[in-house]
Amino acid sequence: MDYSLLWLDWRPKKRLPAYTRCVCGLPATRQGKAALRELISGLQAMGAAPEIRRSPSTGIPAVTLMERPGSDEQVSLRRSGDGIEIAGTGRGLIYGVFHFLRRLSMGEEFPEWTSAPAYAIRMLDHWDNADGSIERGYAGQSFFFRNGKPVCTERTRDYARLMASCGLNGCCINNVNVRGNARKLLTGSYQRELRRIALCFAEYGVSLWLSVSFSAPLELGGLDTADPLDEGVRQWWKETCLRLFTSIPNLAGFLVKADSEGRPGPHSYGRSQAEGANMLADAVRPYGGKILWRCFVYNCTQDWRDTKTDRARAQCDHFAPLDGQFRENVYLQLKNGPVDFQVREPVSPLLGHLERTASLMEFQIAQEYTGQQRHVCYLIPMFREILDFRFHSRPEKDRVSERISAVCAVSNTGDDGNWTGHDLAAANWFGFGLISWNPAADPAEIAREWSILTFGDDPAVTETVTDILLRSREVYEKYTSPLGIGWMCVPGTHYGPSPEGYEFDRWGTYLRANHREIGVERGPEGTGFTEQYSPPLAAMYRDIAACPEELLLFFHRLPYDYRMKDGRTLLQRIYDDHFAGYEEAAAMADAWDKLEGRLDGEVFRRVQERFRMQVRSAAEWRDVVNTWLYRLTMQPDEKGRRIYP
Ligand code: GCW
């Protein structure tokens, strides 16, 4: 094996419970069998040499796998005599076994657990292109595509194991921007390869999803329209689905980016988003298929003179009026914030309007705007905050976690040896899995567990790694864009500072800073975005004094001498954050340096190298943003620190 097993690298244990000397079970399904194999090899890696029996016998403590019929994902681990019984369907057993091995690694003797996932769909979306490149990929090339074709390799299986081991059960292998050969995934051309991937996934209970282009009937079918109400178009999709779903087992459905950033969609034919999504939903329905329909529809060519259009409003403006018009097998897939995966955004208000439509929340563990896996940024605390958020619009089931029906995250993987480029970024993959199984999971606990499973149980390592992870998002936020304003990154690459980059870019996402004020006013006198929330939230966000400070510049346009709650001016607060953010990044790097000799030398050096890049970049962010504001305002730092680079 020439690459990392990540958190599945079970380590020998000094002491193992007596029951690990025997494993019993005779699972019948593919998943049940995979669970048994994982159990045996996991225990062996920890130093046990279990005897393997088909059925339990009294008096011999054992780990027993009890397979139930069915396809649900529930699982229970309970004490049985002096042993442990893991019971569930084949899929349940997979989760149960991995959970058990993790607990055992953490030193627990009799881990009892009865659980079922909060959501039936918990998936990763890969933005992998057929040519092997990855849009917003920061860990090498794709391992799903090579030379224009899908491939199934050893790594596909290892990927499926990693997915299942943290509770994930779905994967969309190709980019939502469907280009080049990826279009042909819908034709018969790659059926064999797709089938192999699907079978490999199926063993670990992972479903296969494909991104499709709305204009496929034009691109592939030789039709002269992709109008969703056209009979020929409907027929083309039905025939395509018949061929695809009957030859690829375990295909769950399609993910669609339509009418978004230049992608084709129903709007081109004067049809609504619901008409577009429903047409596809009808085509996949005979096979139990689902359509994940993205809500990332906004005007990406906004003129700077237009101060009424507001990208933040777009999701709600387009989709809230359509609530109730979608088929049952359509899930609206919305990004967690109203704009685009910035380090801090309010929760998308759209979810508060969907009463009769299934929805899927899209997170991003690919660190597009959060340091591109050169900076450490542990995102699970942010995901937890979002899942806990309440809309204050109904007495019950008011939280994000209770309103959504599924979750996904844009993947942070590639073919790098360590899968995620930055070794610490794997915590986001693992953590996303755990929190999508249980949205009430504790991000600190997850960080600790991930560290122990990945780096071993040296307390100094665990403490340092956990502490770094838990601080990382706030540190990143401080030295980059302040108080929820976002978008100070270099257009296009989205790495590094360029405070006015987007101001003069054709994608038009404006900060509108001048020498007196900064920010877009989103209250009723501005774009009115605040009014998309329920009355109590709208009242809070529209009132500058009540608005949470960390989101102040998301919602309001303010003068630089605006007084923050602690008495500092807005400008001084921004200066301070940038100085502090840099210092804190440097402190994280120092803390890492102290771990030398305590973990694998190669991993140590790789992460050290990333920290050096992060600290250099943090200095650049600090200097560029502070200098820019200083030159606009000519207001010096109260503490007299050096501002221009
Ligand atoms: O943030 C933007 C990214 C694009 C991406 C798009 C989307 C896949 O910069 O690279 O395209 O979001 O989510 O569709």
# chains A, B, ... in the order shown; residues from 1 in each chain; ligands from 1
>>> closest_atom_pairs(of="chain A", to="ligand 1", cutoff="6 Å", atoms="only C-alpha atoms and all ligand atoms", output="CSV")
residue,atom,partner,partner_atom_place_in_ligand_line,distance
A:Glu135,CA,ligand 1,10 (O),5.8
A:Arg136,CA,ligand 1,10 (O),5.9
A:Val176,CA,ligand 1,8 (C),5.7
A:Asn177,CA,ligand 1,8 (C),5.6
A:Asp340,CA,ligand 1,1 (O),5.5
>>> write_last_selection(atoms="all heavy atoms", output="short mmCIF file (atom, residue, chain, number, x, y, z; two decimals), in the first residue's frame")
data_model
loop_
_atom_site.label_atom_id
_atom_site.label_comp_id
_atom_site.auth_asym_id
_atom_site.auth_seq_id
_atom_site.Cartn_x
_atom_site.Cartn_y
_atom_site.Cartn_z
N GLU A 135 -12.27 20.18 -10.20
CA GLU A 135 -12.62 21.58 -9.98
C GLU A 135 -12.57 21.82 -8.47
O GLU A 135 -13.19 21.09 -7.69
CB GLU A 135 -14.01 21.89 -10.54
CG GLU A 135 -14.39 23.35 -10.37
CD GLU A 135 -15.44 23.83 -11.37
OE1 GLU A 135 -15.72 23.13 -12.36
OE2 GLU A 135 -15.98 24.93 -11.15
N ARG A 136 -11.82 22.82 -8.06
CA ARG A 136 -11.62 23.11 -6.63
C ARG A 136 -11.04 21.92 -5.88
O ARG A 136 -11.40 21.65 -4.74
CB ARG A 136 -12.93 23.55 -5.96
CG ARG A 136 -13.70 24.61 -6.72
CD ARG A 136 -12.88 25.83 -6.97
NE ARG A 136 -13.59 26.80 -7.79
CZ ARG A 136 -13.01 27.88 -8.30
NH1 ARG A 136 -11.74 28.12 -8.10
NH2 ARG A 136 -13.71 28.72 -9.02
N VAL A 176 -20.54 18.70 -10.98
CA VAL A 176 -21.84 19.26 -11.37
C VAL A 176 -21.75 20.08 -12.66
O VAL A 176 -22.74 20.24 -13.36
CB VAL A 176 -22.45 20.15 -10.25
CG1 VAL A 176 -22.95 19.30 -9.11
CG2 VAL A 176 -21.44 21.20 -9.77
N ASN A 177 -20.56 20.62 -12.93
CA ASN A 177 -20.34 21.24 -14.24
C ASN A 177 -19.97 20.09 -15.18
O ASN A 177 -18.82 19.67 -15.22
CB ASN A 177 -19.20 22.26 -14.19
CG ASN A 177 -19.59 23.49 -13.37
OD1 ASN A 177 -20.73 23.93 -13.40
ND2 ASN A 177 -18.63 24.04 -12.63
N ASP A 340 -21.93 31.71 -0.97
CA ASP A 340 -21.10 30.65 -1.53
C ASP A 340 -19.95 30.22 -0.62
O ASP A 340 -18.81 30.59 -0.86
CB ASP A 340 -20.53 31.11 -2.88
CG ASP A 340 -19.96 29.95 -3.68
OD1 ASP A 340 -20.11 28.80 -3.23
OD2 ASP A 340 -19.39 30.20 -4.74
#
>>> select_by_dssp(residues="region 57-272 of chain A", states="strand (DSSP E or B)", output="MDAnalysis selection string")
chainID A and resid 63:67 75:80 83:88 113:115 121:125 128 134 145:146 149:150 170:172 207:212 251:256
>>> residues_around(residues="region 424-429 of chain A", least_positions_apart="2", cutoff="7 Å", atoms="only C-alpha atoms", output="list in words")
Ile365, Gln373, Val376, Tyr378, Leu379, Ile380, Thr420, His422, Gly431, Phe432, Gly433, Ala447 and Trp450 of chain A
>>> write_last_selection(atoms="N, CA and C atoms", output="tab-separated table (two decimals), in the first residue's frame")
chain	number	residue	atom	x	y	z
A	365	ILE	N	-16.46	20.49	2.11
A	365	ILE	CA	-15.22	20.21	2.84
A	365	ILE	C	-14.00	20.43	1.94
A	373	GLN	N	-6.76	23.68	1.69
A	373	GLN	CA	-6.02	22.53	2.22
A	373	GLN	C	-4.51	22.78	2.29
A	376	VAL	N	-4.94	25.04	7.69
A	376	VAL	CA	-5.81	24.13	8.43
A	376	VAL	C	-7.11	24.87	8.75
A	378	TYR	N	-10.69	23.40	10.34
A	378	TYR	CA	-11.57	22.29	10.73
A	378	TYR	C	-13.00	22.84	10.73
A	379	LEU	N	-13.81	22.28	9.85
A	379	LEU	CA	-15.11	22.90	9.58
A	379	LEU	C	-16.28	22.32	10.37
A	380	ILE	N	-16.03	21.28	11.14
A	380	ILE	CA	-17.16	20.60	11.78
A	380	ILE	C	-17.88	21.48	12.81
A	420	THR	N	-6.06	13.93	1.10
A	420	THR	CA	-6.64	15.27	1.23
A	420	THR	C	-5.59	16.40	1.17
A	422	HIS	N	-3.53	18.27	2.72
A	422	HIS	CA	-3.17	18.56	4.11
A	422	HIS	C	-3.62	17.38	4.95
A	431	GLY	N	-15.16	13.87	10.06
A	431	GLY	CA	-16.12	14.60	10.88
A	431	GLY	C	-17.44	14.83	10.16
A	432	PHE	N	-17.36	15.09	8.87
A	432	PHE	CA	-18.60	15.27	8.12
A	432	PHE	C	-19.41	13.97	8.17
A	433	GLY	N	-18.72	12.84	8.04
A	433	GLY	CA	-19.43	11.56	8.12
A	433	GLY	C	-20.14	11.41	9.46
A	447	ALA	N	-12.94	15.52	16.84
A	447	ALA	CA	-11.55	15.91	16.58
A	447	ALA	C	-10.60	15.01	17.37
A	450	TRP	N	-10.64	11.47	15.97
A	450	TRP	CA	-9.92	11.42	14.68
A	450	TRP	C	-8.41	11.46	14.92
>>> atom_distance(atom1="CA of Phe319 (chain A)", atom2="CA of Trp236 (chain A)")
26.6 Å
>>> closest_residue(among="A:Gly137, A:Pro636, A:Pro12, A:Pro266", to="Trp293 (chain A)", atoms="only C-alpha atoms")
A:Pro266
>>> closest_residue(among="A:Met613, A:Leu571, A:Leu470, A:Cys166", to="Met634 (chain A)", atoms="only C-alpha atoms")
A:Leu571
>>> atom_distance(atom1="CA of Ala538 (chain A)", atom2="CA of Arg516 (chain A)")
26.3 Å
>>> select_by_dssp(residues="region 243-467 of chain A", states="helix (DSSP H, G or I)", output="PyMOL selection string")
chain A and resi 243-247+266-269+273-287+311-322+349-353+380-388+400-403+423-437+443-455+459-467
>>> residues_around(residues="region 479-491 of chain A", least_positions_apart="4", cutoff="8 Å", atoms="only C-alpha atoms", output="compact mmCIF listing (two decimals) with N, CA, C and O atoms, in the first residue's frame")
# COMPACT_ATOMS: atom_id res chain seq x y z
N GLN A 342 -18.47 30.87 2.07
CA GLN A 342 -17.48 31.74 2.70
C GLN A 342 -17.22 31.23 4.13
O GLN A 342 -17.97 30.42 4.65
N VAL A 343 -16.16 31.73 4.74
CA VAL A 343 -15.80 31.22 6.06
C VAL A 343 -16.88 31.54 7.10
O VAL A 343 -17.04 30.84 8.09
N ARG A 344 -17.64 32.58 6.84
CA ARG A 344 -18.79 32.84 7.71
C ARG A 344 -19.91 33.46 6.89
O ARG A 344 -19.72 34.45 6.20
N GLU A 345 -21.07 32.84 6.97
CA GLU A 345 -22.28 33.36 6.33
C GLU A 345 -23.44 33.01 7.25
O GLU A 345 -23.36 32.04 7.99
N TYR A 369 -12.74 28.23 -0.19
CA TYR A 369 -12.60 29.58 0.37
C TYR A 369 -12.00 29.55 1.77
O TYR A 369 -12.01 30.55 2.47
N VAL A 475 -9.25 31.33 13.60
CA VAL A 475 -7.97 31.92 13.23
C VAL A 475 -8.00 32.30 11.75
O VAL A 475 -7.66 33.43 11.37
N TYR A 495 -7.63 31.86 -3.84
CA TYR A 495 -6.59 31.71 -2.84
C TYR A 495 -5.84 33.03 -2.68
O TYR A 495 -5.48 33.66 -3.67
N GLY A 496 -5.61 33.42 -1.44
CA GLY A 496 -4.85 34.64 -1.20
C GLY A 496 -5.72 35.89 -1.29
O GLY A 496 -6.83 35.86 -1.80
N PRO A 497 -5.18 37.01 -0.73
CA PRO A 497 -5.98 38.23 -0.61
C PRO A 497 -6.01 39.08 -1.88
O PRO A 497 -5.02 39.21 -2.58
N SER A 498 -7.16 39.64 -2.13
CA SER A 498 -7.32 40.65 -3.17
C SER A 498 -8.63 41.37 -2.85
O SER A 498 -9.67 41.09 -3.42
N PRO A 499 -8.56 42.31 -1.87
CA PRO A 499 -9.80 42.88 -1.32
C PRO A 499 -10.72 43.48 -2.37
O PRO A 499 -11.93 43.43 -2.22
N GLU A 500 -10.15 44.02 -3.42
CA GLU A 500 -11.03 44.61 -4.43
C GLU A 500 -11.12 43.77 -5.68
O GLU A 500 -11.65 44.20 -6.70
N GLY A 501 -10.62 42.55 -5.60
CA GLY A 501 -10.60 41.68 -6.77
C GLY A 501 -11.98 41.53 -7.38
O GLY A 501 -12.19 41.79 -8.57
N TYR A 502 -12.93 41.15 -6.55
CA TYR A 502 -14.28 40.92 -7.07
C TYR A 502 -15.01 42.21 -7.43
O TYR A 502 -15.97 42.20 -8.18
N ASP A 505 -14.53 42.56 -11.10
CA ASP A 505 -14.56 41.29 -11.80
C ASP A 505 -15.93 41.10 -12.42
O ASP A 505 -16.93 41.55 -11.88
N THR A 509 -19.55 40.33 -7.43
CA THR A 509 -19.99 40.10 -6.05
C THR A 509 -19.30 41.21 -5.27
O THR A 509 -18.09 41.17 -5.09
N LEU A 511 -18.28 44.39 -2.56
CA LEU A 511 -18.13 44.80 -1.16
C LEU A 511 -18.52 46.28 -1.02
O LEU A 511 -18.88 46.72 0.05
N GLY A 519 -19.39 47.55 2.98
CA GLY A 519 -20.46 46.56 3.08
C GLY A 519 -21.67 46.87 2.23
O GLY A 519 -21.83 47.98 1.72
N GLU A 549 -22.41 40.18 15.98
CA GLU A 549 -21.27 40.96 15.46
C GLU A 549 -20.48 40.24 14.39
O GLU A 549 -19.99 40.84 13.45
N GLU A 550 -20.38 38.92 14.55
CA GLU A 550 -19.55 38.21 13.57
C GLU A 550 -20.15 38.26 12.16
O GLU A 550 -19.50 37.94 11.19
N LEU A 551 -21.44 38.68 12.07
CA LEU A 551 -22.09 38.77 10.76
C LEU A 551 -22.42 40.22 10.37
O LEU A 551 -23.13 40.46 9.40
N LEU A 552 -21.89 41.15 11.14
CA LEU A 552 -22.28 42.54 10.97
C LEU A 552 -22.12 43.04 9.54
O LEU A 552 -23.00 43.69 8.98
N LEU A 553 -20.98 42.72 8.94
CA LEU A 553 -20.74 43.24 7.58
C LEU A 553 -21.38 42.37 6.51
O LEU A 553 -21.36 42.73 5.34
N PHE A 554 -21.94 41.25 6.89
CA PHE A 554 -22.75 40.53 5.91
C PHE A 554 -24.06 41.27 5.70
O PHE A 554 -24.55 41.39 4.59
N ILE A 574 -11.11 45.44 12.82
CA ILE A 574 -10.59 44.70 11.66
C ILE A 574 -9.06 44.64 11.72
O ILE A 574 -8.46 43.58 11.53
N ASP A 577 -8.09 42.11 14.45
CA ASP A 577 -8.31 40.71 14.06
C ASP A 577 -7.20 40.23 13.13
O ASP A 577 -6.75 39.10 13.21
N HIS A 578 -6.80 41.10 12.22
CA HIS A 578 -5.78 40.66 11.27
C HIS A 578 -4.43 40.45 11.93
O HIS A 578 -3.73 39.49 11.60
N PHE A 579 -4.08 41.33 12.87
CA PHE A 579 -2.83 41.10 13.60
C PHE A 579 -2.94 39.83 14.44
O PHE A 579 -2.05 38.98 14.44
N ALA A 580 -4.05 39.69 15.14
CA ALA A 580 -4.21 38.54 16.03
C ALA A 580 -4.26 37.24 15.23
O ALA A 580 -3.67 36.23 15.62
N GLY A 581 -4.97 37.25 14.11
CA GLY A 581 -5.10 36.04 13.31
C GLY A 581 -3.74 35.53 12.86
O GLY A 581 -3.45 34.34 12.94
N TYR A 582 -2.89 36.47 12.45
CA TYR A 582 -1.53 36.05 12.05
C TYR A 582 -0.79 35.43 13.24
O TYR A 582 -0.18 34.37 13.13
N ALA A 618 -0.94 33.97 5.84
CA ALA A 618 -1.64 34.78 6.85
C ALA A 618 -1.01 36.17 6.94
O ALA A 618 -1.71 37.18 7.08
N TRP A 621 -2.25 38.11 3.94
CA TRP A 621 -3.64 38.55 4.16
C TRP A 621 -3.69 39.75 5.10
O TRP A 621 -4.34 40.76 4.82
N ARG A 622 -2.99 39.60 6.23
CA ARG A 622 -2.98 40.69 7.22
C ARG A 622 -2.51 41.98 6.58
O ARG A 622 -3.17 43.02 6.68
N VAL A 625 -4.93 43.32 3.53
CA VAL A 625 -6.23 43.85 3.96
C VAL A 625 -6.04 45.11 4.80
O VAL A 625 -6.71 46.13 4.59
>>> closest_residue(among="A:Asp561, A:Asp600, A:Glu85, A:Glu275", to="Leu322 (chain A)", atoms="only C-alpha atoms")
A:Glu275
>>> residues_around(residues="Ala358 (chain A)", least_positions_apart="2", cutoff="7 Å", atoms="only C-alpha atoms", output="CSV table (one decimal) with C-alpha atoms, in the first residue's frame")
chain,number,residue,atom,x,y,z
A,330,VAL,CA,-36.9,15.6,-5.9
A,331,TYR,CA,-34.6,17.0,-3.2
A,332,LEU,CA,-33.6,20.7,-3.4
A,356,ARG,CA,-43.6,20.7,1.4
A,404,ILE,CA,-33.5,18.9,6.0
A,405,SER,CA,-34.0,15.4,4.7
>>> closest_residue(among="A:Asn438, A:Gln191, A:Asn175, A:Thr633", to="Val212 (chain A)", atoms="only C-alpha atoms")
A:Asn175
>>> atom_distance(atom1="CA of Tyr644 (chain A)", atom2="CA of Arg610 (chain A)")
25.2 Å
>>> residues_around(residues="Gly180 (chain A)", least_positions_apart="3", cutoff="9 Å", atoms="only C-alpha atoms", output="count of residues only")
6
>>> residues_around(residues="Arg605 (chain A)", least_positions_apart="4", cutoff="12 Å", atoms="only C-alpha atoms", output="PDB file with N, CA and C atoms, in the first residue's frame")
ATOM      1  N   HIS A 422      -3.534  18.275   2.717  1.00  0.00           N
ATOM      2  CA  HIS A 422      -3.167  18.559   4.107  1.00  0.00           C
ATOM      3  C   HIS A 422      -3.622  17.375   4.949  1.00  0.00           C
ATOM      4  N   ASP A 423      -2.704  16.810   5.716  1.00  0.00           N
ATOM      5  CA  ASP A 423      -3.107  15.637   6.516  1.00  0.00           C
ATOM      6  C   ASP A 423      -4.246  15.977   7.478  1.00  0.00           C
ATOM      7  N   ALA A 589       1.439  26.895  14.303  1.00  0.00           N
ATOM      8  CA  ALA A 589       2.601  26.293  13.638  1.00  0.00           C
ATOM      9  C   ALA A 589       3.658  25.900  14.681  1.00  0.00           C
ATOM     10  N   TRP A 592       2.663  22.805  16.500  1.00  0.00           N
ATOM     11  CA  TRP A 592       2.923  21.608  15.676  1.00  0.00           C
ATOM     12  C   TRP A 592       4.407  21.223  15.740  1.00  0.00           C
ATOM     13  N   ASP A 593       5.277  22.230  15.626  1.00  0.00           N
ATOM     14  CA  ASP A 593       6.725  21.953  15.656  1.00  0.00           C
ATOM     15  C   ASP A 593       7.127  21.147  16.883  1.00  0.00           C
ATOM     16  N   LYS A 594       6.440  21.389  17.977  1.00  0.00           N
ATOM     17  CA  LYS A 594       6.798  20.696  19.223  1.00  0.00           C
ATOM     18  C   LYS A 594       6.470  19.203  19.166  1.00  0.00           C
ATOM     19  N   LEU A 595       5.722  18.790  18.148  1.00  0.00           N
ATOM     20  CA  LEU A 595       5.358  17.364  18.071  1.00  0.00           C
ATOM     21  C   LEU A 595       6.421  16.536  17.355  1.00  0.00           C
ATOM     22  N   GLU A 596       7.485  17.207  16.932  1.00  0.00           N
ATOM     23  CA  GLU A 596       8.523  16.469  16.211  1.00  0.00           C
ATOM     24  C   GLU A 596       8.974  15.254  17.023  1.00  0.00           C
ATOM     25  N   GLY A 597       9.065  14.121  16.342  1.00  0.00           N
ATOM     26  CA  GLY A 597       9.489  12.894  17.027  1.00  0.00           C
ATOM     27  C   GLY A 597       8.345  12.118  17.643  1.00  0.00           C
ATOM     28  N   ARG A 598       7.189  12.752  17.757  1.00  0.00           N
ATOM     29  CA  ARG A 598       6.062  12.060  18.392  1.00  0.00           C
ATOM     30  C   ARG A 598       5.136  11.403  17.376  1.00  0.00           C
ATOM     31  N   LEU A 599       5.311  11.744  16.112  1.00  0.00           N
ATOM     32  CA  LEU A 599       4.525  11.047  15.099  1.00  0.00           C
ATOM     33  C   LEU A 599       5.372  10.812  13.859  1.00  0.00           C
ATOM     34  N   ASP A 600       4.858  10.016  12.969  1.00  0.00           N
ATOM     35  CA  ASP A 600       5.566   9.655  11.755  1.00  0.00           C
ATOM     36  C   ASP A 600       6.273  10.857  11.128  1.00  0.00           C
ATOM     37  N   GLY A 601       7.582  10.699  10.853  1.00  0.00           N
ATOM     38  CA  GLY A 601       8.402  11.820  10.398  1.00  0.00           C
ATOM     39  C   GLY A 601       7.898  12.452   9.113  1.00  0.00           C
ATOM     40  N   GLU A 609       5.329  21.737   6.662  1.00  0.00           N
ATOM     41  CA  GLU A 609       5.455  22.494   5.412  1.00  0.00           C
ATOM     42  C   GLU A 609       4.168  23.289   5.135  1.00  0.00           C
ATOM     43  N   ARG A 610       3.023  22.653   5.351  1.00  0.00           N
ATOM     44  CA  ARG A 610       1.732  23.326   5.132  1.00  0.00           C
ATOM     45  C   ARG A 610       1.591  24.498   6.109  1.00  0.00           C
ATOM     46  N   PHE A 611       2.001  24.274   7.356  1.00  0.00           N
ATOM     47  CA  PHE A 611       1.909  25.369   8.330  1.00  0.00           C
ATOM     48  C   PHE A 611       2.765  26.549   7.895  1.00  0.00           C
ATOM     49  N   ARG A 612       3.927  26.250   7.317  1.00  0.00           N
ATOM     50  CA  ARG A 612       4.781  27.369   6.861  1.00  0.00           C
ATOM     51  C   ARG A 612       4.066  28.161   5.780  1.00  0.00           C
TER      52      ARG A 612
END
>>> closest_residue(among="A:Leu469, A:Val407, A:Leu244, A:Ala116", to="Asn336 (chain A)", atoms="only C-alpha atoms")
A:Val407
>>> decode(residues="region 181-197 of chain A", atoms="N, CA, C and O atoms", output="mmCIF file, in the first residue's frame")
data_model
loop_
_atom_site.group_PDB
_atom_site.id
_atom_site.type_symbol
_atom_site.label_atom_id
_atom_site.label_comp_id
_atom_site.auth_asym_id
_atom_site.auth_seq_id
_atom_site.Cartn_x
_atom_site.Cartn_y
_atom_site.Cartn_z
ATOM 1 N N ASN A 181 -15.954 14.576 -21.771
ATOM 2 C CA ASN A 181 -16.380 13.180 -21.784
ATOM 3 C C ASN A 181 -17.374 12.825 -20.693
ATOM 4 O O ASN A 181 -18.032 11.795 -20.782
ATOM 5 N N ALA A 182 -17.442 13.646 -19.657
ATOM 6 C CA ALA A 182 -18.368 13.325 -18.563
ATOM 7 C C ALA A 182 -19.797 13.258 -19.069
ATOM 8 O O ALA A 182 -20.636 12.557 -18.513
ATOM 9 N N ARG A 183 -20.071 13.961 -20.162
ATOM 10 C CA ARG A 183 -21.417 13.892 -20.733
ATOM 11 C C ARG A 183 -21.766 12.469 -21.122
ATOM 12 O O ARG A 183 -22.906 12.051 -21.035
ATOM 13 N N LYS A 184 -20.728 11.751 -21.560
ATOM 14 C CA LYS A 184 -20.978 10.404 -22.082
ATOM 15 C C LYS A 184 -21.300 9.382 -20.995
ATOM 16 O O LYS A 184 -21.591 8.229 -21.304
ATOM 17 N N LEU A 185 -21.231 9.805 -19.724
ATOM 18 C CA LEU A 185 -21.592 8.852 -18.660
ATOM 19 C C LEU A 185 -23.032 8.385 -18.838
ATOM 20 O O LEU A 185 -23.413 7.322 -18.368
ATOM 21 N N LEU A 186 -23.818 9.209 -19.526
ATOM 22 C CA LEU A 186 -25.226 8.852 -19.716
ATOM 23 C C LEU A 186 -25.440 7.897 -20.884
ATOM 24 O O LEU A 186 -26.490 7.290 -21.004
ATOM 25 N N THR A 187 -24.459 7.809 -21.753
ATOM 26 C CA THR A 187 -24.617 6.922 -22.913
ATOM 27 C C THR A 187 -24.144 5.533 -22.504
ATOM 28 O O THR A 187 -23.736 5.312 -21.374
ATOM 29 N N GLY A 188 -24.128 4.624 -23.426
ATOM 30 C CA GLY A 188 -23.670 3.274 -23.084
ATOM 31 C C GLY A 188 -22.156 3.185 -22.969
ATOM 32 O O GLY A 188 -21.621 2.189 -22.475
ATOM 33 N N SER A 189 -21.422 4.242 -23.371
ATOM 34 C CA SER A 189 -19.959 4.137 -23.512
ATOM 35 C C SER A 189 -19.218 3.577 -22.300
ATOM 36 O O SER A 189 -18.299 2.803 -22.446
ATOM 37 N N TYR A 190 -19.603 4.039 -21.101
ATOM 38 C CA TYR A 190 -18.794 3.649 -19.933
ATOM 39 C C TYR A 190 -19.559 2.752 -18.968
ATOM 40 O O TYR A 190 -19.238 2.691 -17.786
ATOM 41 N N GLN A 191 -20.561 2.082 -19.507
ATOM 42 C CA GLN A 191 -21.410 1.302 -18.615
ATOM 43 C C GLN A 191 -20.633 0.283 -17.794
ATOM 44 O O GLN A 191 -20.903 0.068 -16.633
ATOM 45 N N ARG A 192 -19.658 -0.351 -18.458
ATOM 46 C CA ARG A 192 -18.908 -1.403 -17.760
ATOM 47 C C ARG A 192 -18.135 -0.818 -16.567
ATOM 48 O O ARG A 192 -18.161 -1.345 -15.466
ATOM 49 N N GLU A 193 -17.469 0.310 -16.815
ATOM 50 C CA GLU A 193 -16.676 0.921 -15.746
ATOM 51 C C GLU A 193 -17.591 1.392 -14.606
ATOM 52 O O GLU A 193 -17.286 1.209 -13.435
ATOM 53 N N LEU A 194 -18.703 1.993 -14.990
ATOM 54 C CA LEU A 194 -19.614 2.500 -13.958
ATOM 55 C C LEU A 194 -20.166 1.341 -13.128
ATOM 56 O O LEU A 194 -20.321 1.437 -11.908
ATOM 57 N N ARG A 195 -20.436 0.251 -13.826
ATOM 58 C CA ARG A 195 -20.953 -0.924 -13.122
ATOM 59 C C ARG A 195 -19.928 -1.440 -12.099
ATOM 60 O O ARG A 195 -20.273 -1.779 -10.969
ATOM 61 N N ARG A 196 -18.688 -1.432 -12.504
ATOM 62 C CA ARG A 196 -17.645 -1.915 -11.572
ATOM 63 C C ARG A 196 -17.550 -0.995 -10.351
ATOM 64 O O ARG A 196 -17.442 -1.453 -9.217
ATOM 65 N N ILE A 197 -17.570 0.283 -10.595
ATOM 66 C CA ILE A 197 -17.513 1.224 -9.464
ATOM 67 C C ILE A 197 -18.725 1.002 -8.555
ATOM 68 O O ILE A 197 -18.597 0.900 -7.330
#
